[in-house]
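Just below is one structure, and these are the notes that go with it.
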Amino acid sequence: MMLQMIGFKRQIKQGFRPSLIGVLLAGVIASGCVTKTLELDDRGNIPIPQKTIAQMREMGMKPADPVLVRIFKQESELEVWKQNATGNYALMKTYPMCRWSGVLGPKKLEGDRQAPEGFYTVGLGGLNPKSQYYLSFDLGYPNRLERAKGYTGSALMVHGACSSSGCFAISDEHVAEVYALVRDALRGGQQAVQVQSYPFRMTPENLAARREDPNFDFWMDLKAGYDRFEVLRQPPRVQFCEGRYRFGEPANGNVPADPLGQCPAFESEIQQVAEKSVRDIERMKELLSDGQNVGLAYSDGGMNPVFRKILAKKGPQYLSEITSSTSVPVSRPKAALADPFGAGPKAR
């Protein structure tokens with residue numbers, strides 16, 4: 001992987017000459033992860049790699065087919081799912097995340113450096129081909145529920161490099177591919193790409209370990225959407241009411257208009273989804289009765305072990321050079337080396 005990233009950086013330098021060499025334009029957006037940038041010609045049209053197109057073909061997928069993105073903070077992973085010939089979504093690829101910031105839990109305030117958790121949609125207008133961090137797309141935080149609850153913040157992105165102040169940084173190499181996959185799906189007719197951002201994989205083990213966390217009820221709401229996708233392999237229909245996420249269709253067909261207003265009656269949960277939810281809750285109770293409520297303490301964000309090994313062996317300057325075409329510094333490398341989730345429950 002190190003050789004691939006080094007090769008990608010060389011490709012950027014050779015194939016995308018900056019139109020304003022050595023000039024970084026001013027204009028930082030203080031609360032998010034976007035600034036005006038050193039321009040690299042036409043990088044917003046970078047193609048999906050041929051190897052990935054061949055993989056899609058083998059999986060019964062086309063570049064224009066719809067996609068869905070899932071993000072997991074604790075595991076520092078980003079997944080791209082794509083609709084195949086059956087009409088269902090299948091996991092196409094998992095990308096290691098180089099850096100995210102904050103702690104497990106939702107983003108609430110401008111400048112809190114929290115990476116968001118929740119369900120978001122990305123349209124063509126959310127693509128940023130002139131990002132400081134090579135390429136990026138805006139998650140759309142705050143969504144309608146978060147705005148109703150008074151949460152503030154802007155420019156929360158998935159982007160390149162290995163530096164985060166509330167965003168998800170996945171390296172220039174990986175963001176180029178993810179950006180191209182999202183872009184081609186949107187250009188192919190998908191109205192909006194759903195992005196699901198979670199604190200961790202919503203397993204009974206992870207939930208049991210955090211049963212006393214003040215965000216637990218919020219995470220259980222997110223899990224309802226997680227379970228629907230796990231079972232049905234279709235993007236869940238997201239609704240907002242009573243200050244919560246709800247999933248599925250209202251029984252009377254009336255979509256809740258006020259995210260803080262009373263929830264209507266919803267159609268009965270699909271049997272397979274309900275059965276999964278019950279199994280997971282029973283397993284979580286078993287773990288808690290066995291003393292598995294271990295909790296977790298950590299200082300600042302996370303980094304996938306793939307990148308942490310490089311950071312430990314080669315140092316932050318080297319990691320910066322192989323994850324960013326413009327050598328964006330690694331954010332808070334000492335905190336990244338702490339491996340806050342190394343002792344936590346493993347997800348499978």
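Chain labels A, B, ... are given in the sequence in which chains occur in the structure tokens; within each chain residues are numbered consecutively from 1, and ligands are likewise numbered from 1 in the order shown.
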> Neighbours of Ala274 in chain A within 12 Å (only C-alpha atoms; same-chain residues fewer than 2 positions away dropped), as JSON, numbers by chain?
Replying inline: {"A": [223, 224, 225, 227, 228, 230, 231, 232, 268, 269, 270, 271, 272, 276, 277, 278, 279, 280, 281]}
>> Neighbouring residues of Pro259 in chain A were defined as those with any atom within 6 Å, considering only C-alpha atoms; residues of the same chain fewer than 2 positions away were excluded. Please report them as a ChimeraX atom specification.
In response: /A:145,240-241,243,261
Write the selection just made, keeping C-alpha atoms, as a PDB file, in the first residue's frame?
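This went into part.pdb:
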```
ATOM      1  CA  LEU A 145     -33.044  17.046  12.285  1.00  0.00           C
ATOM      2  CA  PHE A 240     -37.311  12.772  11.525  1.00  0.00           C
ATOM      3  CA  CYS A 241     -39.781  13.276  14.379  1.00  0.00           C
ATOM      4  CA  GLY A 243     -36.104  14.818  17.828  1.00  0.00           C
ATOM      5  CA  GLY A 261     -43.078  17.175  16.394  1.00  0.00           C
TER       6      GLY A 261
END
```
> What lies within 7 Å of range 68-72 of chain A using only C-alpha atoms, ignoring chain neighbours under 5 positions off, as a VMD selection string?
Replying inline: chain A and resid 77 to 82 193 to 201
Writing out the chosen residues with all heavy atoms as a CSV table (one decimal), in the first residue's frame:
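Result file is again_3.csv:
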```csv
chain,number,residue,atom,x,y,z
A,77,GLU,N,-12.8,3.3,9.1
A,77,GLU,CA,-13.1,2.7,7.8
A,77,GLU,C,-14.2,3.4,7.1
A,77,GLU,O,-15.2,3.8,7.8
A,77,GLU,CB,-13.4,1.2,7.9
A,77,GLU,CG,-12.2,0.3,8.4
A,77,GLU,CD,-12.5,-1.1,8.4
A,77,GLU,OE1,-13.7,-1.5,8.6
A,77,GLU,OE2,-11.6,-1.9,8.4
A,78,LEU,N,-14.1,3.5,5.8
A,78,LEU,CA,-15.2,4.0,5.0
A,78,LEU,C,-15.5,2.9,3.9
A,78,LEU,O,-14.6,2.4,3.2
A,78,LEU,CB,-14.7,5.3,4.3
A,78,LEU,CG,-15.7,6.0,3.4
A,78,LEU,CD1,-15.5,7.5,3.4
A,78,LEU,CD2,-15.6,5.5,1.9
A,79,GLU,N,-16.8,2.6,3.8
A,79,GLU,CA,-17.2,1.6,2.8
A,79,GLU,C,-18.0,2.3,1.7
A,79,GLU,O,-18.8,3.2,1.9
A,79,GLU,CB,-18.2,0.6,3.5
A,79,GLU,CG,-17.6,-0.2,4.6
A,79,GLU,CD,-18.6,-1.1,5.3
A,79,GLU,OE1,-19.8,-0.9,5.1
A,79,GLU,OE2,-18.2,-2.1,6.0
A,80,VAL,N,-17.8,1.7,0.5
A,80,VAL,CA,-18.6,2.1,-0.7
A,80,VAL,C,-19.4,0.9,-1.1
A,80,VAL,O,-18.8,-0.2,-1.4
A,80,VAL,CB,-17.7,2.6,-1.8
A,80,VAL,CG1,-18.6,2.9,-3.1
A,80,VAL,CG2,-17.1,4.0,-1.5
A,81,TRP,N,-20.7,1.0,-1.0
A,81,TRP,CA,-21.6,0.0,-1.5
A,81,TRP,C,-22.2,0.5,-2.8
A,81,TRP,O,-22.4,1.6,-3.1
A,81,TRP,CB,-22.8,-0.2,-0.5
A,81,TRP,CG,-22.3,-0.8,0.8
A,81,TRP,CD1,-21.6,-0.2,1.8
A,81,TRP,CD2,-22.6,-2.1,1.3
A,81,TRP,NE1,-21.4,-1.0,2.8
A,81,TRP,CE2,-22.0,-2.2,2.6
A,81,TRP,CE3,-23.4,-3.2,0.8
A,81,TRP,CZ2,-22.1,-3.4,3.3
A,81,TRP,CZ3,-23.5,-4.3,1.6
A,81,TRP,CH2,-22.8,-4.4,2.8
A,82,LYS,N,-22.5,-0.5,-3.7
A,82,LYS,CA,-23.0,-0.1,-5.0
A,82,LYS,C,-24.1,-1.1,-5.4
A,82,LYS,O,-24.0,-2.3,-5.1
A,82,LYS,CB,-21.8,-0.2,-6.1
A,82,LYS,CG,-22.1,0.6,-7.4
A,82,LYS,CD,-20.8,0.8,-8.1
A,82,LYS,CE,-21.1,1.6,-9.4
A,82,LYS,NZ,-21.5,2.9,-9.2
A,193,VAL,N,-26.7,10.6,-2.9
A,193,VAL,CA,-26.0,9.5,-2.3
A,193,VAL,C,-26.2,9.5,-0.8
A,193,VAL,O,-25.9,10.5,-0.2
A,193,VAL,CB,-24.5,9.5,-2.7
A,193,VAL,CG1,-23.8,8.4,-1.9
A,193,VAL,CG2,-24.3,9.3,-4.2
A,194,GLN,N,-26.7,8.5,-0.3
A,194,GLN,CA,-26.9,8.4,1.2
A,194,GLN,C,-25.5,8.1,1.8
A,194,GLN,O,-24.8,7.1,1.4
A,194,GLN,CB,-27.9,7.3,1.6
A,194,GLN,CG,-28.2,7.3,3.1
A,194,GLN,CD,-29.3,6.4,3.4
A,194,GLN,OE1,-29.1,5.3,3.9
A,194,GLN,NE2,-30.6,6.8,3.2
A,195,VAL,N,-25.2,8.8,2.9
A,195,VAL,CA,-24.0,8.6,3.7
A,195,VAL,C,-24.4,8.3,5.1
A,195,VAL,O,-25.1,9.1,5.7
A,195,VAL,CB,-23.0,9.8,3.7
A,195,VAL,CG1,-21.8,9.5,4.5
A,195,VAL,CG2,-22.5,10.1,2.2
A,196,GLN,N,-24.1,7.1,5.6
A,196,GLN,CA,-24.4,6.7,7.0
A,196,GLN,C,-23.1,6.8,7.8
A,196,GLN,O,-22.1,6.1,7.5
A,196,GLN,CB,-24.9,5.3,7.0
A,196,GLN,CG,-26.1,5.1,6.1
A,196,GLN,CD,-26.5,3.6,6.0
A,196,GLN,OE1,-26.0,2.8,6.7
A,196,GLN,NE2,-27.5,3.3,5.1
A,197,SER,N,-23.1,7.7,8.8
A,197,SER,CA,-21.9,7.8,9.6
A,197,SER,C,-22.2,7.3,11.0
A,197,SER,O,-23.1,7.8,11.7
A,197,SER,CB,-21.5,9.3,9.7
A,197,SER,OG,-20.3,9.5,10.5
A,198,TYR,N,-21.4,6.3,11.4
A,198,TYR,CA,-21.6,5.7,12.7
A,198,TYR,C,-20.4,5.8,13.7
A,198,TYR,O,-19.3,6.0,13.2
A,198,TYR,CB,-21.8,4.1,12.5
A,198,TYR,CG,-23.1,3.8,11.7
A,198,TYR,CD1,-22.9,3.4,10.3
A,198,TYR,CD2,-24.3,3.8,12.2
A,198,TYR,CE1,-24.1,3.1,9.6
A,198,TYR,CE2,-25.4,3.5,11.5
A,198,TYR,CZ,-25.3,3.2,10.2
A,198,TYR,OH,-26.4,2.8,9.4
A,199,PRO,N,-20.6,5.7,15.0
A,199,PRO,CA,-19.5,5.7,15.9
A,199,PRO,C,-18.7,4.5,15.8
A,199,PRO,O,-17.5,4.5,16.0
A,199,PRO,CB,-20.2,5.8,17.3
A,199,PRO,CG,-21.5,5.2,17.1
A,199,PRO,CD,-21.9,5.6,15.7
A,200,PHE,N,-19.3,3.4,15.4
A,200,PHE,CA,-18.6,2.1,15.4
A,200,PHE,C,-19.6,1.1,14.6
A,200,PHE,O,-20.8,1.5,14.4
A,200,PHE,CB,-18.3,1.5,16.8
A,200,PHE,CG,-19.4,1.8,17.8
A,200,PHE,CD1,-20.6,1.1,17.8
A,200,PHE,CD2,-19.2,2.8,18.8
A,200,PHE,CE1,-21.6,1.3,18.7
A,200,PHE,CE2,-20.2,3.0,19.7
A,200,PHE,CZ,-21.4,2.3,19.7
A,201,ARG,N,-19.1,-0.1,14.3
A,201,ARG,CA,-20.0,-1.1,13.8
A,201,ARG,C,-21.0,-1.4,14.9
A,201,ARG,O,-20.6,-1.7,16.0
A,201,ARG,CB,-19.3,-2.3,13.3
A,201,ARG,CG,-18.4,-1.9,12.1
A,201,ARG,CD,-17.7,-3.1,11.4
A,201,ARG,NE,-16.8,-2.7,10.4
A,201,ARG,CZ,-17.2,-2.4,9.1
A,201,ARG,NH1,-18.5,-2.5,8.8
A,201,ARG,NH2,-16.3,-1.9,8.2
```
> Hey, what does DSSP flag as helix (DSSP H, G or I) within range 101-342 of chain A? Can you give it to me as a ChimeraX atom specification?
Replying inline: /A:124-126,144-148,172-187,204-209,216-232,271-289,305-314,316-323,333-337
Residues from the last selection, C-alpha atoms, saved as a PDB file, in the first residue's frame:
```pdb
ATOM      1  CA  LEU A 124     -23.773  17.056  -7.216  1.00  0.00           C
ATOM      2  CA  GLY A 125     -23.658  20.414  -5.440  1.00  0.00           C
ATOM      3  CA  GLY A 126     -21.814  18.798  -2.534  1.00  0.00           C
ATOM      4  CA  ARG A 144     -32.851  18.728   8.866  1.00  0.00           C
ATOM      5  CA  LEU A 145     -33.044  17.046  12.285  1.00  0.00           C
ATOM      6  CA  GLU A 146     -29.766  18.558  13.441  1.00  0.00           C
ATOM      7  CA  ARG A 147     -30.830  22.040  12.332  1.00  0.00           C
ATOM      8  CA  ALA A 148     -34.111  21.681  14.230  1.00  0.00           C
ATOM      9  CA  ASP A 172      -5.509  11.669  -1.704  1.00  0.00           C
ATOM     10  CA  GLU A 173      -5.223   8.244  -3.299  1.00  0.00           C
ATOM     11  CA  HIS A 174      -8.431   6.955  -1.759  1.00  0.00           C
ATOM     12  CA  VAL A 175     -10.492  10.131  -2.001  1.00  0.00           C
ATOM     13  CA  ALA A 176      -9.776  10.269  -5.737  1.00  0.00           C
ATOM     14  CA  GLU A 177     -11.452   6.881  -6.178  1.00  0.00           C
ATOM     15  CA  VAL A 178     -14.345   7.485  -3.765  1.00  0.00           C
ATOM     16  CA  TYR A 179     -15.001  10.919  -5.268  1.00  0.00           C
ATOM     17  CA  ALA A 180     -15.074   9.461  -8.785  1.00  0.00           C
ATOM     18  CA  LEU A 181     -17.484   6.695  -7.719  1.00  0.00           C
ATOM     19  CA  VAL A 182     -19.873   9.183  -6.078  1.00  0.00           C
ATOM     20  CA  ARG A 183     -19.578  11.645  -8.976  1.00  0.00           C
ATOM     21  CA  ASP A 184     -20.276   9.059 -11.691  1.00  0.00           C
ATOM     22  CA  ALA A 185     -23.300   7.696  -9.806  1.00  0.00           C
ATOM     23  CA  LEU A 186     -24.728  11.206  -9.474  1.00  0.00           C
ATOM     24  CA  ARG A 187     -24.012  12.021 -13.107  1.00  0.00           C
ATOM     25  CA  PRO A 204     -23.924  -6.210  20.363  1.00  0.00           C
ATOM     26  CA  GLU A 205     -20.306  -6.234  21.604  1.00  0.00           C
ATOM     27  CA  ASN A 206     -19.693  -2.576  20.764  1.00  0.00           C
ATOM     28  CA  LEU A 207     -23.047  -1.501  22.185  1.00  0.00           C
ATOM     29  CA  ALA A 208     -22.554  -3.459  25.413  1.00  0.00           C
ATOM     30  CA  ALA A 209     -19.185  -1.785  25.900  1.00  0.00           C
ATOM     31  CA  PHE A 216     -26.454   5.320  23.880  1.00  0.00           C
ATOM     32  CA  ASP A 217     -30.097   6.086  23.033  1.00  0.00           C
ATOM     33  CA  PHE A 218     -28.990   8.142  20.029  1.00  0.00           C
ATOM     34  CA  TRP A 219     -26.821   5.265  18.846  1.00  0.00           C
ATOM     35  CA  MET A 220     -29.728   2.842  19.199  1.00  0.00           C
ATOM     36  CA  ASP A 221     -31.750   5.115  16.903  1.00  0.00           C
ATOM     37  CA  LEU A 222     -28.924   4.935  14.348  1.00  0.00           C
ATOM     38  CA  LYS A 223     -28.815   1.172  14.768  1.00  0.00           C
ATOM     39  CA  ALA A 224     -32.418   0.907  13.545  1.00  0.00           C
ATOM     40  CA  GLY A 225     -31.283   2.286  10.188  1.00  0.00           C
ATOM     41  CA  TYR A 226     -28.129   0.177  10.282  1.00  0.00           C
ATOM     42  CA  ASP A 227     -30.189  -2.981  10.804  1.00  0.00           C
ATOM     43  CA  ARG A 228     -32.535  -2.187   7.910  1.00  0.00           C
ATOM     44  CA  PHE A 229     -29.621  -1.819   5.544  1.00  0.00           C
ATOM     45  CA  GLU A 230     -27.825  -4.908   6.866  1.00  0.00           C
ATOM     46  CA  VAL A 231     -30.898  -7.045   6.231  1.00  0.00           C
ATOM     47  CA  LEU A 232     -32.530  -5.467   3.174  1.00  0.00           C
ATOM     48  CA  GLN A 271     -39.973  -9.241  10.110  1.00  0.00           C
ATOM     49  CA  GLN A 272     -36.353 -10.044   9.252  1.00  0.00           C
ATOM     50  CA  VAL A 273     -35.231  -6.616  10.469  1.00  0.00           C
ATOM     51  CA  ALA A 274     -37.206  -6.931  13.702  1.00  0.00           C
ATOM     52  CA  GLU A 275     -35.742 -10.400  14.324  1.00  0.00           C
ATOM     53  CA  LYS A 276     -32.187  -9.109  13.883  1.00  0.00           C
ATOM     54  CA  SER A 277     -32.807  -6.241  16.285  1.00  0.00           C
ATOM     55  CA  VAL A 278     -34.215  -8.589  18.937  1.00  0.00           C
ATOM     56  CA  ARG A 279     -31.273 -11.000  18.565  1.00  0.00           C
ATOM     57  CA  ASP A 280     -28.769  -8.178  18.940  1.00  0.00           C
ATOM     58  CA  ILE A 281     -30.471  -6.781  22.043  1.00  0.00           C
ATOM     59  CA  GLU A 282     -30.591 -10.220  23.667  1.00  0.00           C
ATOM     60  CA  ARG A 283     -26.907 -10.747  22.898  1.00  0.00           C
ATOM     61  CA  MET A 284     -26.063  -7.337  24.345  1.00  0.00           C
ATOM     62  CA  LYS A 285     -27.921  -8.232  27.566  1.00  0.00           C
ATOM     63  CA  GLU A 286     -25.942 -11.481  27.804  1.00  0.00           C
ATOM     64  CA  LEU A 287     -22.670  -9.579  27.461  1.00  0.00           C
ATOM     65  CA  LEU A 288     -23.698  -7.069  30.097  1.00  0.00           C
ATOM     66  CA  SER A 289     -24.650  -9.838  32.529  1.00  0.00           C
ATOM     67  CA  PRO A 305      -3.994   0.696  11.819  1.00  0.00           C
ATOM     68  CA  VAL A 306      -2.679   0.649   8.228  1.00  0.00           C
ATOM     69  CA  PHE A 307      -1.736   4.303   8.546  1.00  0.00           C
ATOM     70  CA  ARG A 308      -0.765   4.120  12.222  1.00  0.00           C
ATOM     71  CA  LYS A 309       1.919   1.549  11.440  1.00  0.00           C
ATOM     72  CA  ILE A 310       3.382   3.853   8.813  1.00  0.00           C
ATOM     73  CA  LEU A 311       3.237   6.788  11.223  1.00  0.00           C
ATOM     74  CA  ALA A 312       5.009   4.813  13.952  1.00  0.00           C
ATOM     75  CA  LYS A 313       7.716   3.508  11.636  1.00  0.00           C
ATOM     76  CA  LYS A 314       8.342   6.420   9.296  1.00  0.00           C
ATOM     77  CA  PRO A 316       4.474  12.185  10.400  1.00  0.00           C
ATOM     78  CA  GLN A 317       6.390  13.871   7.582  1.00  0.00           C
ATOM     79  CA  TYR A 318       6.579  10.649   5.569  1.00  0.00           C
ATOM     80  CA  LEU A 319       2.889   9.883   6.171  1.00  0.00           C
ATOM     81  CA  SER A 320       2.030  13.417   5.106  1.00  0.00           C
ATOM     82  CA  GLU A 321       3.964  13.001   1.872  1.00  0.00           C
ATOM     83  CA  ILE A 322       2.340   9.730   0.854  1.00  0.00           C
ATOM     84  CA  THR A 323      -1.240  10.726   1.748  1.00  0.00           C
ATOM     85  CA  PRO A 333       0.213  12.686  15.292  1.00  0.00           C
ATOM     86  CA  LYS A 334       0.851  11.934  18.977  1.00  0.00           C
ATOM     87  CA  ALA A 335      -2.866  11.407  19.581  1.00  0.00           C
ATOM     88  CA  ALA A 336      -3.058   9.246  16.456  1.00  0.00           C
ATOM     89  CA  LEU A 337      -0.246   7.023  17.750  1.00  0.00           C
TER      90      LEU A 337
END
```
> In Å, with one decimal, what is the gap from CA of Ile53 in chain A to CA of His159 in chain A?
Replying inline: 21.5 Å
> Per DSSP on the backbone, what are the strand (DSSP E or B) residues of range 113-332 of chain A, as a PyMOL selection string?
Replying inline: chain A and resi 118-122+127-128+136-138+157-159+168-169+193-198+238-241+244-247+250+266+302
>> List as a VMD selection string the protein and nucleic acid residues near Asn252 in chain A, meaning an atom at most 9 Å away when only C-alpha atoms are counted, but skip any in the same chain fewer than 3 places from it.
In response: chain A and resid 249 255 264 to 267
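Across A:Asn143, A:Ser136, A:Gln262, A:Ser76, the tightest approach to Val238 in chain A is made by A:Asn143 when counting only C-alpha atoms.
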>> If I take CA of Leu260 in chain A and CA of Pro106 in chain A, how far is one from the other in Å, to one decimal?
In response: 17.2 Å
